[in-house]
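Q: Sharing a structure, written as structure tokens. Questions coming.
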Number of protein chains: 2
Amino acid sequence: MAGTDMTTSARDGDWARLLPAVILMEPQMGENIGASARAMKNCGLECMHIVNPRDGWPNPAAEAMASGGSDILDHAGLHQTLNEAAAPYTMIGATTARKRGMTKPALTPDEAARRMAEHARSGGKTALLFGPERAGLNNDAVAVADFIITVPLNPAFASLNLGQAVLLMGWACRRELMADAPPVMAEPPESPPAAAGEKAYLFTTLEKHLSEGGFFTSPDMQPVVMRNIMALFQRADLTEQDVRTLHGIIKSLRRSGDAQA
Amino acid sequence: MAGTDMTTSARDGDWARLLPAVILMEPQMGENIGASARAMKNCGLECMHIVNPRDGWPNPAAEAMASGGSDILDHAGLHQTLNEAAAPYTMIGATTARKRGMTKPALTPDEAARRMAEHARSGGKTALLFGPERAGLNNDAVAVADFIITVPLNPAFASLNLGQAVLLMGWACRRELMADAPPVMAEPPESPPAAAGEKAYLFTTLEKHLSEGGFFTSPDMQPVVMRNIMALFQRADLTEQDVRTLHGIIKSLRRSGDAQA
């Protein structure tokens with residue numbers, strides 16, 4: 001995404017080695033192979049296998065599109081057959097939206113990611129299988145897989161291109177593995193949270209001046225109205241700095257009234 | 001994805017109308033606008049706003065890339081300013097990976113999707129905001145948003161292109177809404193959420209009177225100070241009633257100054 005911090009040399013945690021490999025079955029456009037490598041890199045997937053690419057290998061069009069993922073292309077395995085590429089893997093999910101006459105479970109991306117993460121954690125080797133752009137996976141290819149992955153997209157337009165399909169599945173696997181990893185710390189607030197006493201003093205000051213300004217049309221309702229105002233500010237999780245700012249706002253608004261008087 | 005069934009004319013369920021709009025802020029490449037439209041269509045998002053596109057509008061390069069999403073381009077809103085595009089929305093999430101010195105919550109895609117789904121179910125209007133490809137969103141643009149969305153990608157290569165970012169967020173919103181498809185009505189808020197235009201008018205009024213009251217000691221810092229004040233109020237998820245209350249507070253505080261003058 002635009003604005004992404006690319007300066008860091010930080011790396012993923014240990015869990016990243018549990019991410020699946022990607023097998024591209026007879027990919028057609030070099031651009032799509034490159035976009036797939038880029039999407040893999042985004043999600044921390046490292047290992048790509050290419051089976052019988054239409055335009056040979058290496059492919060300059062793939063390099064051009066790979067961006068930061070070009071090292072994945074450099075290390076990609078090239079294979080003549082799917083069986084050869086699939087050989088080391090103990091769980092393979094085949095992405096396809098076609099209805100097949102095969103008795104194989106069809107999982108959503110989340111379900112597939114969960115199953116693959118579990119499998120990898122207990123020592124298995126997992127891979128995602130993607131078919132050629134135009135035709136998709138044929139039945140022989142699907143037969144190699146343990147299950148089918150079907151993305152429930154807009155039925156009126158469910159066609160993802162190859163790079164987007166790799167991104168979507170890569171992200172599903174990444175978020176599943178990360179979910180149990182120690183969370184990335186949110187940026188700490190610049191100012192500590194305001195104490196109840198500081199907030200109470202702020203609200204007392206505000207109430208006094210609102211009263212002077214004729215805010216409370218009915219004295220009976222004053223406590224209810226003030227509670228609603230306090231609730232509004234409580235929702236903002238005020239910091240000490242916020243409380244100082246709000247005192248300044250009260251003072252300045254009162255001065256702006258003076259100025260016009 | 002390859003092999004996707006495109007023959008169906010089926011449509012998404014009723015929940016799809018709760019999916020967010022997409023605002024593209026100063027997009028540069030027409031291809032990226034087209035890819036964003038395609039990704040929106042895949043995920044069932046329909047409403048696109050384009051703010052000040054670099055290469056003018058309409059853009060043939062966008063049409064060429066949009067594939068099944070070209071109707072989204074045909075109906076996209078074209079705007080001169082972000083404020084104009086944002087005006088109808090009551091919850092805006094800004095996608096950016098930059099660390100900002102602003103005290104605005106940074107959510108993961110899943111957290112953001114959950115919050116936006118809840119908000120939409122209780123009658124709010126939600127939008128996702130994406131910045132220009134190269135520079136990302138500037139601080140003024142982020143100030144319009146209720147929260148930041150940061151995708152925890154591979155820290156060694158976190159740069160998604162625009163179309164991929166739209167796909168990833170669109171999918172996050174889609175899977176969130178689909179998960180609960182029989183929608184459990186959240187307790188409706190007592191007042192509907194305030195639209196961005198109402199909040200912008202509130203902040204303009206506040207800034208004017210703060211300025212009269214000598215709040216801004218340094219003119220250079222005025223925009224930064226106002227952004228921080230806006231961030232404070234954005235955190236409170238203001239309702240229409242809150243905005244009316246705050247206008248009343250401003251008026252009364254100014255009168256209270258008069259009273260003492």
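The chains in the structure tokens are called A, B, ... from first to last as shown; in each chain the residues are counted from 1, and the ligands are counted from 1 in the order shown.
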Once chain A is best-fit onto chain B by all Cα atoms in order, what RMSD in Å is left?
A: 23.4 Å
Q: At a cut-off of 8 Å, using only C-alpha atoms, what residues contact range 107-123 of chain A? Leave out same-chain residues fewer than 6 positions from it and give the result as a list in words.
A: Leu18, Leu19, Pro20, Met91, Gly93, Phe147, Ile148, Ile149, Thr150, Val151, Pro152, Met169, Ala172, Cys173, Glu176 and Leu177 of chain A
Q: Write the residues of the preceding selection, restricted to N, CA and C atoms, as a compact mmCIF listing (two decimals), in the first residue's frame.
A:
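Saved result, selection.txt, follows:
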```txt
# COMPACT_ATOMS: atom_id res chain seq x y z
N LEU A 18 6.35 -21.34 9.00
CA LEU A 18 5.22 -22.27 8.90
C LEU A 18 4.27 -21.90 7.76
N LEU A 19 4.54 -20.77 7.07
CA LEU A 19 3.68 -20.37 5.95
C LEU A 19 3.84 -21.37 4.80
N PRO A 20 2.80 -21.54 3.98
CA PRO A 20 2.86 -22.55 2.92
C PRO A 20 3.76 -22.15 1.76
N MET A 91 0.47 -31.56 2.92
CA MET A 91 -0.91 -31.04 2.81
C MET A 91 -0.96 -30.01 1.71
N GLY A 93 -3.54 -27.54 -0.62
CA GLY A 93 -4.87 -26.97 -0.89
C GLY A 93 -4.89 -26.40 -2.30
N PHE A 147 -7.54 -30.84 -0.32
CA PHE A 147 -8.85 -30.19 -0.33
C PHE A 147 -8.84 -29.06 -1.34
N ILE A 148 -10.05 -28.59 -1.65
CA ILE A 148 -10.23 -27.46 -2.56
C ILE A 148 -10.46 -26.21 -1.73
N ILE A 149 -9.92 -25.09 -2.18
CA ILE A 149 -10.18 -23.81 -1.51
C ILE A 149 -11.01 -22.96 -2.47
N THR A 150 -12.17 -22.52 -2.02
CA THR A 150 -13.05 -21.70 -2.85
C THR A 150 -13.30 -20.38 -2.14
N VAL A 151 -13.01 -19.28 -2.81
CA VAL A 151 -13.18 -17.97 -2.20
C VAL A 151 -14.59 -17.48 -2.48
N PRO A 152 -15.38 -17.24 -1.44
CA PRO A 152 -16.77 -16.81 -1.69
C PRO A 152 -16.84 -15.34 -2.08
N MET A 169 -4.88 -15.59 -0.51
CA MET A 169 -4.59 -16.81 0.26
C MET A 169 -3.37 -16.63 1.16
N ALA A 172 -4.56 -14.79 4.14
CA ALA A 172 -5.36 -15.65 5.02
C ALA A 172 -4.44 -16.53 5.88
N CYS A 173 -3.39 -17.08 5.27
CA CYS A 173 -2.47 -17.94 6.01
C CYS A 173 -1.65 -17.12 7.01
N GLU A 176 -3.73 -16.05 10.06
CA GLU A 176 -4.01 -17.21 10.91
C GLU A 176 -2.81 -17.53 11.80
N LEU A 177 -1.61 -17.53 11.21
CA LEU A 177 -0.41 -17.86 11.99
C LEU A 177 -0.06 -16.73 12.97
```
Q: Which residue gives the smallest distance to Gly13 in chain A among B:Val243, B:Leu129, B:Met29, B:Leu153, with only C-alpha atoms counted?
A: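 Checking each of B:Val243, B:Leu129, B:Met29, B:Leu153 against Gly13 in chain A, counting only C-alpha atoms, the winner is B:Leu153.
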Q: Neighbouring residues of Met40 in chain A were defined as those with any atom within 8 Å, considering only C-alpha atoms; residues of the same chain fewer than 4 positions away were excluded. Please report them as a ChimeraX atom specification.
A: /A:36,44-46,69,166-167,170
Q: Considering only C-alpha atoms, state which residue in the set A:Phe216, A:Gln234, A:His49, A:Ala37 is at the smallest distance from Gly68 in chain A.
A: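 The closest residue to Gly68 in chain A is A:Ala37.
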Q: What is the CA of Gln28 in chain B to CA of Arg54 in chain B distance in Å?
A: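 These atoms are spaced 5.0 Å apart.
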